[in-house]
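Trainee: Below you'll find query-v5.pdb; it's PDB, C-alpha atoms and all ligand atoms.
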ATOM      1  CA  MET A   1       0.000   0.000   0.000
ATOM      2  CA  THR A   2       1.205   3.504  -0.721
ATOM      3  CA  TYR A   3       0.166   6.854   0.730
ATOM      4  CA  THR A   4      -0.694   9.073  -2.242
ATOM      5  CA  PRO A   5      -2.366  12.337  -1.135
ATOM      6  CA  PHE A   6       0.789  14.342  -1.814
ATOM      7  CA  ASP A   7       0.644  13.419  -5.493
ATOM      8  CA  LEU A   8      -0.828  16.587  -7.025
ATOM      9  CA  SER A   9      -1.282  15.199 -10.551
ATOM     10  CA  GLY A  10      -4.458  16.611 -12.080
ATOM     11  CA  LYS A  11      -4.548  19.563  -9.675
ATOM     12  CA  VAL A  12      -3.864  23.207 -10.500
ATOM     13  CA  ALA A  13      -2.193  25.668  -8.122
ATOM     14  CA  LEU A  14      -2.032  29.444  -8.508
ATOM     15  CA  VAL A  15       0.721  31.374  -6.745
ATOM     16  CA  THR A  16       0.747  35.168  -6.840
ATOM     17  CA  GLY A  17       4.283  36.495  -6.629
ATOM     18  CA  GLY A  18       5.364  33.020  -7.678
ATOM     19  CA  ASN A  19       8.317  34.054  -9.812
ATOM     20  CA  ARG A  20      10.868  34.374  -6.965
ATOM     21  CA  GLY A  21      11.337  34.232  -3.212
ATOM     22  CA  ILE A  22       8.882  32.333  -1.025
ATOM     23  CA  GLY A  23       6.387  32.141  -3.898
ATOM     24  CA  TYR A  24       8.852  30.372  -6.149
ATOM     25  CA  GLY A  25       9.811  28.013  -3.309
ATOM     26  CA  MET A  26       6.160  26.985  -3.200
ATOM     27  CA  VAL A  27       5.742  26.836  -6.990
ATOM     28  CA  GLU A  28       8.760  24.598  -7.450
ATOM     29  CA  ALA A  29       7.566  22.030  -4.904
ATOM     30  CA  LEU A  30       3.984  22.138  -6.223
ATOM     31  CA  ALA A  31       5.203  21.447  -9.759
ATOM     32  CA  GLN A  32       7.561  18.701  -8.579
ATOM     33  CA  ALA A  33       4.593  17.105  -6.796
ATOM     34  CA  GLY A  34       2.756  17.034 -10.143
ATOM     35  CA  ALA A  35       0.477  20.105 -10.064
ATOM     36  CA  ASP A  36       0.051  22.371 -13.059
ATOM     37  CA  VAL A  37       0.957  25.857 -11.873
ATOM     38  CA  ALA A  38      -0.022  29.438 -12.612
ATOM     39  CA  ILE A  39       2.446  32.169 -11.709
ATOM     40  CA  TRP A  40       1.415  35.804 -11.441
ATOM     41  CA  GLY A  41       3.889  38.651 -11.060
ATOM     42  CA  THR A  42       4.342  42.142 -12.432
ATOM     43  CA  ASN A  43       7.707  41.418 -14.069
ATOM     44  CA  GLU A  44       7.263  39.386 -17.256
ATOM     45  CA  GLU A  45      10.944  38.567 -17.531
ATOM     46  CA  ARG A  46      10.978  37.047 -14.029
ATOM     47  CA  ASN A  47       7.770  35.152 -14.823
ATOM     48  CA  ALA A  48       9.370  33.671 -17.940
ATOM     49  CA  GLN A  49      12.545  32.813 -16.043
ATOM     50  CA  ALA A  50      10.558  30.936 -13.386
ATOM     51  CA  ALA A  51       8.668  29.017 -16.081
ATOM     52  CA  ALA A  52      11.957  28.065 -17.762
ATOM     53  CA  GLN A  53      13.340  26.755 -14.458
ATOM     54  CA  LEU A  54      10.302  24.464 -14.142
ATOM     55  CA  LYS A  55      10.645  22.946 -17.604
ATOM     56  CA  ASP A  56      12.003  19.600 -16.383
ATOM     57  CA  THR A  57       9.017  18.985 -14.113
ATOM     58  CA  GLY A  58       6.872  18.325 -17.210
ATOM     59  CA  VAL A  59       3.791  20.041 -15.746
ATOM     60  CA  LYS A  60       1.864  22.833 -17.470
ATOM     61  CA  VAL A  61       3.075  26.264 -16.391
ATOM     62  CA  PHE A  62       1.018  29.360 -17.132
ATOM     63  CA  THR A  63       2.462  32.796 -16.397
ATOM     64  CA  ARG A  64       0.755  36.140 -16.554
ATOM     65  CA  LYS A  65       1.652  39.731 -15.838
ATOM     66  CA  VAL A  66      -0.760  40.634 -13.071
ATOM     67  CA  ASP A  67      -0.446  43.546 -10.698
ATOM     68  CA  VAL A  68      -2.569  42.295  -7.821
ATOM     69  CA  SER A  69      -3.182  45.850  -6.633
ATOM     70  CA  ASN A  70      -5.263  46.363  -9.790
ATOM     71  CA  GLU A  71      -8.721  44.804  -9.542
ATOM     72  CA  GLN A  72      -9.263  44.408 -13.287
ATOM     73  CA  GLU A  73      -5.881  42.719 -13.743
ATOM     74  CA  VAL A  74      -6.766  40.186 -11.044
ATOM     75  CA  VAL A  75     -10.190  39.514 -12.575
ATOM     76  CA  ASP A  76      -8.659  39.107 -16.053
ATOM     77  CA  GLY A  77      -5.768  37.080 -14.633
ATOM     78  CA  MET A  78      -8.163  34.606 -13.077
ATOM     79  CA  GLY A  79     -10.157  34.365 -16.312
ATOM     80  CA  GLU A  80      -7.028  33.651 -18.360
ATOM     81  CA  THR A  81      -5.701  31.184 -15.783
ATOM     82  CA  LEU A  82      -8.949  29.221 -15.950
ATOM     83  CA  LYS A  83      -8.956  29.384 -19.747
ATOM     84  CA  ASN A  84      -5.406  28.034 -19.911
ATOM     85  CA  LEU A  85      -5.349  25.512 -17.068
ATOM     86  CA  GLY A  86      -9.035  24.625 -16.855
ATOM     87  CA  ARG A  87      -9.477  24.959 -13.090
ATOM     88  CA  VAL A  88      -7.821  26.152  -9.912
ATOM     89  CA  ASP A  89      -7.665  23.891  -6.855
ATOM     90  CA  SER A  90      -5.352  25.846  -4.579
ATOM     91  CA  VAL A  91      -4.485  29.522  -4.435
ATOM     92  CA  PHE A  92      -1.551  31.053  -2.614
ATOM     93  CA  ALA A  93      -2.084  34.800  -2.184
ATOM     94  CA  ASN A  94       1.588  35.426  -1.625
ATOM     95  CA  ALA A  95       2.506  38.581  -3.574
ATOM     96  CA  GLY A  96       3.624  41.232  -1.153
ATOM     97  CA  VAL A  97       5.771  44.286  -0.638
ATOM     98  CA  GLY A  98       7.493  45.746   2.394
ATOM     99  CA  PHE A  99       8.817  49.270   2.775
ATOM    100  CA  GLY A 100      10.936  50.226   5.727
ATOM    101  CA  SER A 101      10.550  53.554   7.470
ATOM    102  CA  PRO A 102      12.829  55.253  10.008
ATOM    103  CA  SER A 103       9.849  55.524  12.360
ATOM    104  CA  PHE A 104       6.075  55.191  12.433
ATOM    105  CA  HIS A 105       5.645  58.964  12.687
ATOM    106  CA  ASP A 106       7.778  59.420   9.558
ATOM    107  CA  MET A 107       5.752  56.949   7.481
ATOM    108  CA  ASP A 108       4.253  58.727   4.491
ATOM    109  CA  THR A 109       0.756  58.206   3.207
ATOM    110  CA  GLU A 110       1.905  57.150  -0.267
ATOM    111  CA  THR A 111       3.927  54.240   1.160
ATOM    112  CA  TYR A 112       1.056  53.306   3.446
ATOM    113  CA  ARG A 113      -1.377  53.197   0.506
ATOM    114  CA  LYS A 114       1.072  51.284  -1.704
ATOM    115  CA  THR A 115       1.506  48.650   1.000
ATOM    116  CA  LEU A 116      -2.247  48.294   1.436
ATOM    117  CA  GLY A 117      -2.722  48.138  -2.341
ATOM    118  CA  VAL A 118      -0.564  45.054  -2.857
ATOM    119  CA  ASN A 119      -0.729  43.272   0.499
ATOM    120  CA  LEU A 120      -4.400  43.822   1.316
ATOM    121  CA  ASP A 121      -6.396  44.818  -1.799
ATOM    122  CA  GLY A 122      -4.349  42.288  -3.779
ATOM    123  CA  VAL A 123      -5.118  39.460  -1.374
ATOM    124  CA  PHE A 124      -8.788  40.470  -1.203
ATOM    125  CA  TRP A 125      -9.236  40.380  -4.987
ATOM    126  CA  THR A 126      -7.183  37.209  -5.410
ATOM    127  CA  LEU A 127      -9.152  35.317  -2.746
ATOM    128  CA  ARG A 128     -12.495  36.704  -3.917
ATOM    129  CA  GLU A 129     -11.999  35.654  -7.539
ATOM    130  CA  SER A 130     -10.698  32.259  -6.411
ATOM    131  CA  ALA A 131     -13.660  31.691  -4.099
ATOM    132  CA  ARG A 132     -16.033  32.679  -6.904
ATOM    133  CA  HIS A 133     -14.508  30.021  -9.162
ATOM    134  CA  MET A 134     -14.584  27.373  -6.436
ATOM    135  CA  VAL A 135     -18.252  28.073  -5.640
ATOM    136  CA  GLU A 136     -19.174  27.947  -9.337
ATOM    137  CA  ARG A 137     -17.247  24.716  -9.746
ATOM    138  CA  SER A 138     -18.987  23.244  -6.743
ATOM    139  CA  GLY A 139     -22.361  24.075  -8.320
ATOM    140  CA  LYS A 140     -21.383  21.586 -11.041
ATOM    141  CA  GLY A 141     -20.652  18.914  -8.432
ATOM    142  CA  ASP A 142     -16.906  19.541  -8.396
ATOM    143  CA  VAL A 143     -16.376  20.620  -4.775
ATOM    144  CA  GLY A 144     -13.232  21.563  -2.892
ATOM    145  CA  GLY A 145     -10.314  23.917  -2.875
ATOM    146  CA  SER A 146      -7.636  25.493  -0.741
ATOM    147  CA  LEU A 147      -7.240  29.218  -0.103
ATOM    148  CA  VAL A 148      -3.931  30.289   1.421
ATOM    149  CA  GLY A 149      -2.917  33.764   2.514
ATOM    150  CA  VAL A 150       0.747  34.484   3.127
ATOM    151  CA  ALA A 151       0.781  36.746   6.177
ATOM    152  CA  SER A 152       3.805  37.302   8.440
ATOM    153  CA  LEU A 153       4.984  37.082  12.023
ATOM    154  CA  ALA A 154       4.630  40.870  11.821
ATOM    155  CA  ALA A 155       0.877  40.287  12.142
ATOM    156  CA  ILE A 156       1.163  38.917  15.660
ATOM    157  CA  GLU A 157       4.342  40.518  17.046
ATOM    158  CA  GLY A 158       4.986  44.203  17.640
ATOM    159  CA  ALA A 159       6.439  45.343  14.320
ATOM    160  CA  ALA A 160       8.164  48.631  15.082
ATOM    161  CA  ARG A 161       8.702  50.918  12.065
ATOM    162  CA  ASN A 162       6.573  48.513  10.033
ATOM    163  CA  GLN A 163       3.002  49.235  11.138
ATOM    164  CA  ALA A 164       1.462  49.533   7.667
ATOM    165  CA  TYR A 165       2.916  46.180   6.617
ATOM    166  CA  ALA A 166       1.935  44.539   9.906
ATOM    167  CA  ALA A 167      -1.628  45.828   9.600
ATOM    168  CA  THR A 168      -2.007  44.273   6.143
ATOM    169  CA  LYS A 169      -0.751  40.940   7.438
ATOM    170  CA  GLY A 170      -3.117  40.989  10.419
ATOM    171  CA  ALA A 171      -5.913  41.672   7.939
ATOM    172  CA  VAL A 172      -4.881  38.680   5.813
ATOM    173  CA  ILE A 173      -5.326  36.413   8.840
ATOM    174  CA  SER A 174      -8.795  37.864   9.501
ATOM    175  CA  MET A 175      -9.821  37.502   5.861
ATOM    176  CA  ILE A 176      -8.643  33.899   5.787
ATOM    177  CA  LYS A 177     -10.601  33.033   8.946
ATOM    178  CA  GLY A 178     -13.782  34.494   7.436
ATOM    179  CA  CYS A 179     -13.236  32.455   4.270
ATOM    180  CA  ALA A 180     -12.640  29.286   6.287
ATOM    181  CA  VAL A 181     -16.065  29.651   7.896
ATOM    182  CA  GLU A 182     -17.933  30.823   4.793
ATOM    183  CA  TYR A 183     -16.586  28.316   2.277
ATOM    184  CA  GLY A 184     -16.276  25.226   4.432
ATOM    185  CA  ARG A 185     -19.669  24.083   3.113
ATOM    186  CA  TYR A 186     -18.065  23.838  -0.338
ATOM    187  CA  LYS A 187     -15.208  21.759   1.130
ATOM    188  CA  VAL A 188     -12.952  24.745   0.537
ATOM    189  CA  ARG A 189     -10.503  25.291   3.370
ATOM    190  CA  ALA A 190      -8.572  28.472   4.127
ATOM    191  CA  ASN A 191      -5.346  28.899   6.070
ATOM    192  CA  ALA A 192      -2.681  31.532   6.618
ATOM    193  CA  ILE A 193       1.068  30.957   6.536
ATOM    194  CA  LEU A 194       3.203  33.205   8.746
ATOM    195  CA  PRO A 195       6.844  33.207   7.648
ATOM    196  CA  GLY A 196       9.568  34.358  10.027
ATOM    197  CA  TRP A 197      12.877  35.738   8.724
ATOM    198  CA  ILE A 198      13.375  34.400   5.207
ATOM    199  CA  ALA A 199      16.308  35.126   2.888
ATOM    200  CA  THR A 200      14.661  36.689  -0.173
ATOM    201  CA  ASP A 201      14.954  39.959  -2.087
ATOM    202  CA  MET A 202      12.547  41.490   0.433
ATOM    203  CA  THR A 203      15.047  41.043   3.264
ATOM    204  CA  ALA A 204      18.202  41.807   1.231
ATOM    205  CA  GLY A 205      18.990  44.869   3.347
ATOM    206  CA  ALA A 206      18.722  42.937   6.618
ATOM    207  CA  GLN A 207      20.824  40.092   5.229
ATOM    208  CA  ALA A 208      23.581  42.522   4.257
ATOM    209  CA  GLY A 209      23.804  44.297   7.632
ATOM    210  CA  SER A 210      25.583  43.030  10.747
ATOM    211  CA  ALA A 211      22.711  43.743  13.162
ATOM    212  CA  PHE A 212      20.673  40.787  11.957
ATOM    213  CA  ALA A 213      23.623  38.419  11.837
ATOM    214  CA  GLU A 214      24.593  39.344  15.410
ATOM    215  CA  LYS A 215      21.264  39.941  17.142
ATOM    216  CA  VAL A 216      18.408  38.270  15.285
ATOM    217  CA  ILE A 217      19.563  35.085  13.591
ATOM    218  CA  PRO A 218      21.223  33.750  16.796
ATOM    219  CA  ARG A 219      17.743  33.990  18.372
ATOM    220  CA  VAL A 220      16.297  31.634  15.755
ATOM    221  CA  PRO A 221      16.423  28.176  17.397
ATOM    222  CA  ILE A 222      17.244  26.561  14.036
ATOM    223  CA  ARG A 223      20.111  29.133  13.789
ATOM    224  CA  ARG A 224      19.771  30.215  10.187
ATOM    225  CA  TRP A 225      17.724  32.330   7.832
ATOM    226  CA  GLY A 226      14.704  30.558   6.354
ATOM    227  CA  GLU A 227      14.930  29.732   2.658
ATOM    228  CA  PRO A 228      12.211  29.815  -0.032
ATOM    229  CA  ALA A 229      12.479  26.015  -0.278
ATOM    230  CA  ASP A 230      11.375  25.789   3.385
ATOM    231  CA  PHE A 231       7.860  26.644   2.131
ATOM    232  CA  GLY A 232       7.622  23.831  -0.416
ATOM    233  CA  GLY A 233       6.377  21.134   1.946
ATOM    234  CA  MET A 234       3.723  23.393   3.461
ATOM    235  CA  ALA A 235       2.501  24.392   0.002
ATOM    236  CA  VAL A 236       2.224  20.788  -1.180
ATOM    237  CA  TYR A 237       0.417  19.813   2.016
ATOM    238  CA  LEU A 238      -2.096  22.662   1.726
ATOM    239  CA  ALA A 239      -2.685  21.947  -1.981
ATOM    240  CA  SER A 240      -3.167  18.256  -1.319
ATOM    241  CA  ASP A 241      -6.064  16.133  -0.101
ATOM    242  CA  ALA A 242      -3.997  15.470   3.042
ATOM    243  CA  SER A 243      -5.186  18.877   4.325
ATOM    244  CA  ALA A 244      -8.884  18.318   3.477
ATOM    245  CA  TYR A 245      -9.943  18.801   7.139
ATOM    246  CA  HIS A 246      -7.404  21.510   8.014
ATOM    247  CA  SER A 247      -8.989  24.960   7.949
ATOM    248  CA  GLY A 248      -8.970  28.349   9.634
ATOM    249  CA  THR A 249      -5.468  28.150  11.057
ATOM    250  CA  THR A 250      -2.335  30.286  11.119
ATOM    251  CA  MET A 251       0.747  28.213  10.382
ATOM    252  CA  ILE A 252       4.037  29.676  11.562
ATOM    253  CA  VAL A 253       7.186  28.774   9.609
ATOM    254  CA  ASP A 254       9.969  30.599  11.440
ATOM    255  CA  GLY A 255      12.541  28.074  12.701
ATOM    256  CA  GLY A 256      11.081  28.530  16.188
ATOM    257  CA  TYR A 257      11.862  32.271  16.404
ATOM    258  CA  SER A 258       8.483  33.316  17.793
ATOM    259  CA  ILE A 259       8.555  30.985  20.797
ATOM    260  CA  PHE A 260      12.154  31.581  21.892
TER     261      PHE A 260
HETATM  262  N1  LIG B   1      10.994  37.362   3.347
HETATM  263  C1  LIG B   1      10.501  37.382   4.557
HETATM  264  O1  LIG B   1      11.270  37.383   5.540
HETATM  265  C2  LIG B   1       9.020  37.393   4.799
HETATM  266  C3  LIG B   1       8.574  37.293   6.122
HETATM  267  C4  LIG B   1       7.203  37.297   6.372
HETATM  268  C5  LIG B   1       6.304  37.368   5.323
HETATM  269  N2  LIG B   1       6.764  37.469   4.055
HETATM  270  C6  LIG B   1       5.743  37.549   2.982
HETATM  271  O2  LIG B   1       5.955  36.528   2.039
HETATM  272  C7  LIG B   1       5.507  36.954   0.750
HETATM  273  C8  LIG B   1       6.610  36.755  -0.264
HETATM  274  O3  LIG B   1       7.716  37.543   0.140
HETATM  275  P1  LIG B   1       9.209  37.315  -0.402
HETATM  276  O4  LIG B   1      10.106  37.518   0.755
HETATM  277  O5  LIG B   1       9.272  36.110  -1.208
HETATM  278  O6  LIG B   1       9.326  38.635  -1.320
HETATM  279  P2  LIG B   1      10.117  38.905  -2.672
HETATM  280  O7  LIG B   1      11.270  37.996  -2.822
HETATM  281  O8  LIG B   1      10.330  40.382  -2.679
HETATM  282  O9  LIG B   1       9.045  38.524  -3.793
HETATM  283  C9  LIG B   1       7.852  39.223  -3.893
HETATM  284  C10 LIG B   1       6.999  38.585  -4.974
HETATM  285  O10 LIG B   1       5.776  39.310  -5.074
HETATM  286  C11 LIG B   1       5.588  39.730  -6.417
HETATM  287  N3  LIG B   1       4.889  41.024  -6.402
HETATM  288  C12 LIG B   1       5.246  42.166  -5.788
HETATM  289  N4  LIG B   1       4.348  43.135  -6.025
HETATM  290  C13 LIG B   1       3.381  42.579  -6.802
HETATM  291  C14 LIG B   1       2.188  43.051  -7.380
HETATM  292  N5  LIG B   1       1.785  44.312  -7.213
HETATM  293  N6  LIG B   1       1.442  42.188  -8.124
HETATM  294  C15 LIG B   1       1.835  40.915  -8.310
HETATM  295  N7  LIG B   1       2.974  40.409  -7.799
HETATM  296  C16 LIG B   1       3.723  41.240  -7.055
HETATM  297  C17 LIG B   1       6.981  39.815  -7.013
HETATM  298  O11 LIG B   1       6.960  39.637  -8.420
HETATM  299  P3  LIG B   1       7.255  40.865  -9.432
HETATM  300  O12 LIG B   1       8.555  41.429  -9.040
HETATM  301  O13 LIG B   1       7.240  40.236 -10.784
HETATM  302  O14 LIG B   1       6.102  41.782  -9.259
HETATM  303  C18 LIG B   1       7.667  38.628  -6.333
HETATM  304  O15 LIG B   1       7.387  37.446  -7.028
HETATM  305  C19 LIG B   1       5.092  38.412   0.911
HETATM  306  O16 LIG B   1       3.695  38.504   1.081
HETATM  307  C20 LIG B   1       5.792  38.838   2.182
HETATM  308  O17 LIG B   1       5.140  39.897   2.840
HETATM  309  C21 LIG B   1       8.096  37.477   3.761
END
Turn the structure described in the file into structure tokens.
Ligand SMILES: NC(=O)c1ccc[n+]([C@@H]2O[C@H](COP(=O)([O-])OP(=O)(O)OC[C@H]3O[C@@H](n4cnc5c(N)ncnc54)[C@H](OP(=O)(O)O)[C@@H]3O)[C@@H](O)[C@H]2O)c1

Mentor:
Amino acid sequence: MTYTPFDLSGKVALVTGGNRGIGYGMVEALAQAGADVAIWGTNEERNAQAAAQLKDTGVKVFTRKVDVSNEQEVVDGMGETLKNLGRVDSVFANAGVGFGSPSFHDMDTETYRKTLGVNLDGVFWTLRESARHMVERSGKGDVGGSLVGVASLAAIEGAARNQAYAATKGAVISMIKGCAVEYGRYKVRANAILPGWIATDMTAGAQAGSAFAEKVIPRVPIRRWGEPADFGGMAVYLASDASAYHSGTTMIVDGGYSIF
């Protein structure tokens, strides 16, 4: 006998911001587990590069230039994804931006709005369009799906100089919990992933400075930065039938940082 739920053959996964960083870590594992994948990002060159890297997996890869902070682009992106891949079983609302500020009282309104546009509006439209598809699909007897919001530890810890970002991530958790309750009847589950300190372009500044190396990373029990590949297993699990009864939770992936 073999345990097969992690075989994603026949399933389709959509990852926003899937062309690099944590998103690509998830995309790569999803494709290697057999899922066809859709990658959305604003940079077409990066999208194409990610697709090229996945060539050997043999799955269908669909990329599209979608700025998730633009409602029409998300609506059209979902339409084209469905046209090209036929369905969407799991959605990872992962695209995000982070802008540092010297202090909360120096944070300008433009940065605040830009952060909300991608990290909150973008997640709202991505999840809404995905839920709409899953409900429609279920009306034809094809029930089920997995909605995933990529939040952050910033949502639950005091994030000094990062309040706009933290507020969007707290909102992602709330949105996901509402979806878990509302769409459970369609066998659609919804969960949030909370990454800790992960080595991606977003944290390039912190990786380059000595403060993090001396004061933060030694406080991570696993004693290293997280890597995009650390999110592959979680993505495959949440896209798979193994997580069919797992809904409404916040899953921390931080090497133990938050409990130390
Ligand atoms: N790195 C960390 O330590 C950390 C910790 C906690 C949470 N997170 C969260 O994890 C997620 C991924 O972060 P990351 O570290 O992997 O960041 P990253 O390396 O900077 O990648 C960000 C991704 O989002 C895409 N993106 C940005 N703006 C977009 C937009 N308007 N529309 C569509 N796609 C957009 C980018 O693609 P394009 O360049 O093509 O637009 C890229 O693929 C984010 O939500 C972030 O807040 C990260």

Trainee: Do you know which residues are within 8 Å of ligand LIG 1 (chain B) using only C-alpha atoms and all ligand atoms? Can you write them as JSON, numbers by chain?

Mentor: {"A": [16, 17, 18, 19, 20, 21, 22, 23, 24, 40, 41, 42, 43, 44, 45, 46, 47, 65, 66, 67, 68, 69, 70, 93, 94, 95, 96, 97, 98, 117, 118, 119, 122, 150, 151, 152, 153, 154, 165, 169, 194, 195, 196, 197, 198, 199, 200, 201, 202, 203, 226, 228]}

Trainee: Could the residues in this selection be written to a file with C-alpha atoms, as a PDB file, keeping the file's coordinate frame?

Mentor:
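Output contents, as saved in result-v1.pdb:
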ATOM      1  CA  THR A  16       0.747  35.168  -6.840  1.00  0.00           C
ATOM      2  CA  GLY A  17       4.283  36.495  -6.629  1.00  0.00           C
ATOM      3  CA  GLY A  18       5.364  33.020  -7.678  1.00  0.00           C
ATOM      4  CA  ASN A  19       8.317  34.054  -9.812  1.00  0.00           C
ATOM      5  CA  ARG A  20      10.868  34.374  -6.965  1.00  0.00           C
ATOM      6  CA  GLY A  21      11.337  34.232  -3.212  1.00  0.00           C
ATOM      7  CA  ILE A  22       8.882  32.333  -1.025  1.00  0.00           C
ATOM      8  CA  GLY A  23       6.387  32.141  -3.898  1.00  0.00           C
ATOM      9  CA  TYR A  24       8.852  30.372  -6.149  1.00  0.00           C
ATOM     10  CA  TRP A  40       1.415  35.804 -11.441  1.00  0.00           C
ATOM     11  CA  GLY A  41       3.889  38.651 -11.060  1.00  0.00           C
ATOM     12  CA  THR A  42       4.342  42.142 -12.432  1.00  0.00           C
ATOM     13  CA  ASN A  43       7.707  41.418 -14.069  1.00  0.00           C
ATOM     14  CA  GLU A  44       7.263  39.386 -17.256  1.00  0.00           C
ATOM     15  CA  GLU A  45      10.944  38.567 -17.531  1.00  0.00           C
ATOM     16  CA  ARG A  46      10.978  37.047 -14.029  1.00  0.00           C
ATOM     17  CA  ASN A  47       7.770  35.152 -14.823  1.00  0.00           C
ATOM     18  CA  LYS A  65       1.652  39.731 -15.838  1.00  0.00           C
ATOM     19  CA  VAL A  66      -0.760  40.634 -13.071  1.00  0.00           C
ATOM     20  CA  ASP A  67      -0.446  43.546 -10.698  1.00  0.00           C
ATOM     21  CA  VAL A  68      -2.569  42.295  -7.821  1.00  0.00           C
ATOM     22  CA  SER A  69      -3.182  45.850  -6.633  1.00  0.00           C
ATOM     23  CA  ASN A  70      -5.263  46.363  -9.790  1.00  0.00           C
ATOM     24  CA  ALA A  93      -2.084  34.800  -2.184  1.00  0.00           C
ATOM     25  CA  ASN A  94       1.588  35.426  -1.625  1.00  0.00           C
ATOM     26  CA  ALA A  95       2.506  38.581  -3.574  1.00  0.00           C
ATOM     27  CA  GLY A  96       3.624  41.232  -1.153  1.00  0.00           C
ATOM     28  CA  VAL A  97       5.771  44.286  -0.638  1.00  0.00           C
ATOM     29  CA  GLY A  98       7.493  45.746   2.394  1.00  0.00           C
ATOM     30  CA  GLY A 117      -2.722  48.138  -2.341  1.00  0.00           C
ATOM     31  CA  VAL A 118      -0.564  45.054  -2.857  1.00  0.00           C
ATOM     32  CA  ASN A 119      -0.729  43.272   0.499  1.00  0.00           C
ATOM     33  CA  GLY A 122      -4.349  42.288  -3.779  1.00  0.00           C
ATOM     34  CA  VAL A 150       0.747  34.484   3.127  1.00  0.00           C
ATOM     35  CA  ALA A 151       0.781  36.746   6.177  1.00  0.00           C
ATOM     36  CA  SER A 152       3.805  37.302   8.440  1.00  0.00           C
ATOM     37  CA  LEU A 153       4.984  37.082  12.023  1.00  0.00           C
ATOM     38  CA  ALA A 154       4.630  40.870  11.821  1.00  0.00           C
ATOM     39  CA  TYR A 165       2.916  46.180   6.617  1.00  0.00           C
ATOM     40  CA  LYS A 169      -0.751  40.940   7.438  1.00  0.00           C
ATOM     41  CA  LEU A 194       3.203  33.205   8.746  1.00  0.00           C
ATOM     42  CA  PRO A 195       6.844  33.207   7.648  1.00  0.00           C
ATOM     43  CA  GLY A 196       9.568  34.358  10.027  1.00  0.00           C
ATOM     44  CA  TRP A 197      12.877  35.738   8.724  1.00  0.00           C
ATOM     45  CA  ILE A 198      13.375  34.400   5.207  1.00  0.00           C
ATOM     46  CA  ALA A 199      16.308  35.126   2.888  1.00  0.00           C
ATOM     47  CA  THR A 200      14.661  36.689  -0.173  1.00  0.00           C
ATOM     48  CA  ASP A 201      14.954  39.959  -2.087  1.00  0.00           C
ATOM     49  CA  MET A 202      12.547  41.490   0.433  1.00  0.00           C
ATOM     50  CA  THR A 203      15.047  41.043   3.264  1.00  0.00           C
ATOM     51  CA  GLY A 226      14.704  30.558   6.354  1.00  0.00           C
ATOM     52  CA  PRO A 228      12.211  29.815  -0.032  1.00  0.00           C
TER      53      PRO A 228
END

Trainee: For a test of reading the model, state the distance in Å between CA of Gln207 (chain A) and CA of Gln49 (chain A), rounded to one decimal.

Mentor: 24.0 Å

Trainee: For CA of Gly86 (chain A) and CA of Arg128 (chain A), quote the distance in Å rounded to one decimal.

Mentor: 18.0 Å

Trainee: Counting only C-alpha atoms, what is within 6 Å of Ser90 (chain A), bar same-chain residues fewer than 6 positions away, as a VMD selection string?

Mentor: chain A and resid 13 145 to 147 239

Trainee: Name the residues in contact with Leu127 (chain A) at a cut-off of 10 Å, using only C-alpha atoms, excluding same-chain residues fewer than 4 positions from it; report them as a list in words.

Mentor: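 Non-adjacent residues within range: Val74, Val91, Phe92, Ala93, Asp121, Gly122, Val123, Ala131, Arg132, His133, Leu147, Val148, Gly149, Met175, Ile176, Cys179 and Ala190 of chain A.
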
Trainee: Skip region 180-187 of chain A itself and residues of its chain fewer than 5 positions away, then list as a list in words all residues within 6 Å of it, counting all atoms listed in the file.

Mentor: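 The residues satisfying every condition are Val143, Gly144, Ser247 and Gly248 of chain A.
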
Trainee: Run the PyMOL selection byres (((chain A and resi 220) around 8) and not hetatm) against the file shown and list the residues it catches, as a list in words.

Mentor: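 After applying the PyMOL selection byres (((chain A and resi 220) around 8) and not hetatm), what remains is Val216, Ile217, Pro218, Arg219, Pro221, Ile222, Arg223, Arg224, Asp254, Gly255, Gly256, Tyr257 and Phe260 of chain A.
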
Trainee: May I have the residues from that selection written out with C-alpha atoms, as a PDB file, in the coordinates of the input?

Mentor:
ATOM      1  CA  VAL A 216      18.408  38.270  15.285  1.00  0.00           C
ATOM      2  CA  ILE A 217      19.563  35.085  13.591  1.00  0.00           C
ATOM      3  CA  PRO A 218      21.223  33.750  16.796  1.00  0.00           C
ATOM      4  CA  ARG A 219      17.743  33.990  18.372  1.00  0.00           C
ATOM      5  CA  PRO A 221      16.423  28.176  17.397  1.00  0.00           C
ATOM      6  CA  ILE A 222      17.244  26.561  14.036  1.00  0.00           C
ATOM      7  CA  ARG A 223      20.111  29.133  13.789  1.00  0.00           C
ATOM      8  CA  ARG A 224      19.771  30.215  10.187  1.00  0.00           C
ATOM      9  CA  ASP A 254       9.969  30.599  11.440  1.00  0.00           C
ATOM     10  CA  GLY A 255      12.541  28.074  12.701  1.00  0.00           C
ATOM     11  CA  GLY A 256      11.081  28.530  16.188  1.00  0.00           C
ATOM     12  CA  TYR A 257      11.862  32.271  16.404  1.00  0.00           C
ATOM     13  CA  PHE A 260      12.154  31.581  21.892  1.00  0.00           C
TER      14      PHE A 260
END

Trainee: I'd like the contact shell of Ala242 (chain A) - 7 Å cut-off, only C-alpha atoms, skipping same-chain residues fewer than 2 positions apart - returned as an NGL selection string.

Mentor: :A and (5-6 or 237 or 240 or 244)

Trainee: Might you pull out every residue within 6 Å of Val12 (chain A), with only C-alpha atoms counted and same-chain residues fewer than 5 positions away left off, and present them as a ChimeraX atom specification?

Mentor: /A:35-37,88-89

Trainee: Could you state the separation of CA of Arg87 (chain A) and CA of Met134 (chain A) in Å, given to one decimal place?

Mentor: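 Atom-to-atom, CA of Arg87 (chain A) to CA of Met134 (chain A), that is 8.7 Å.
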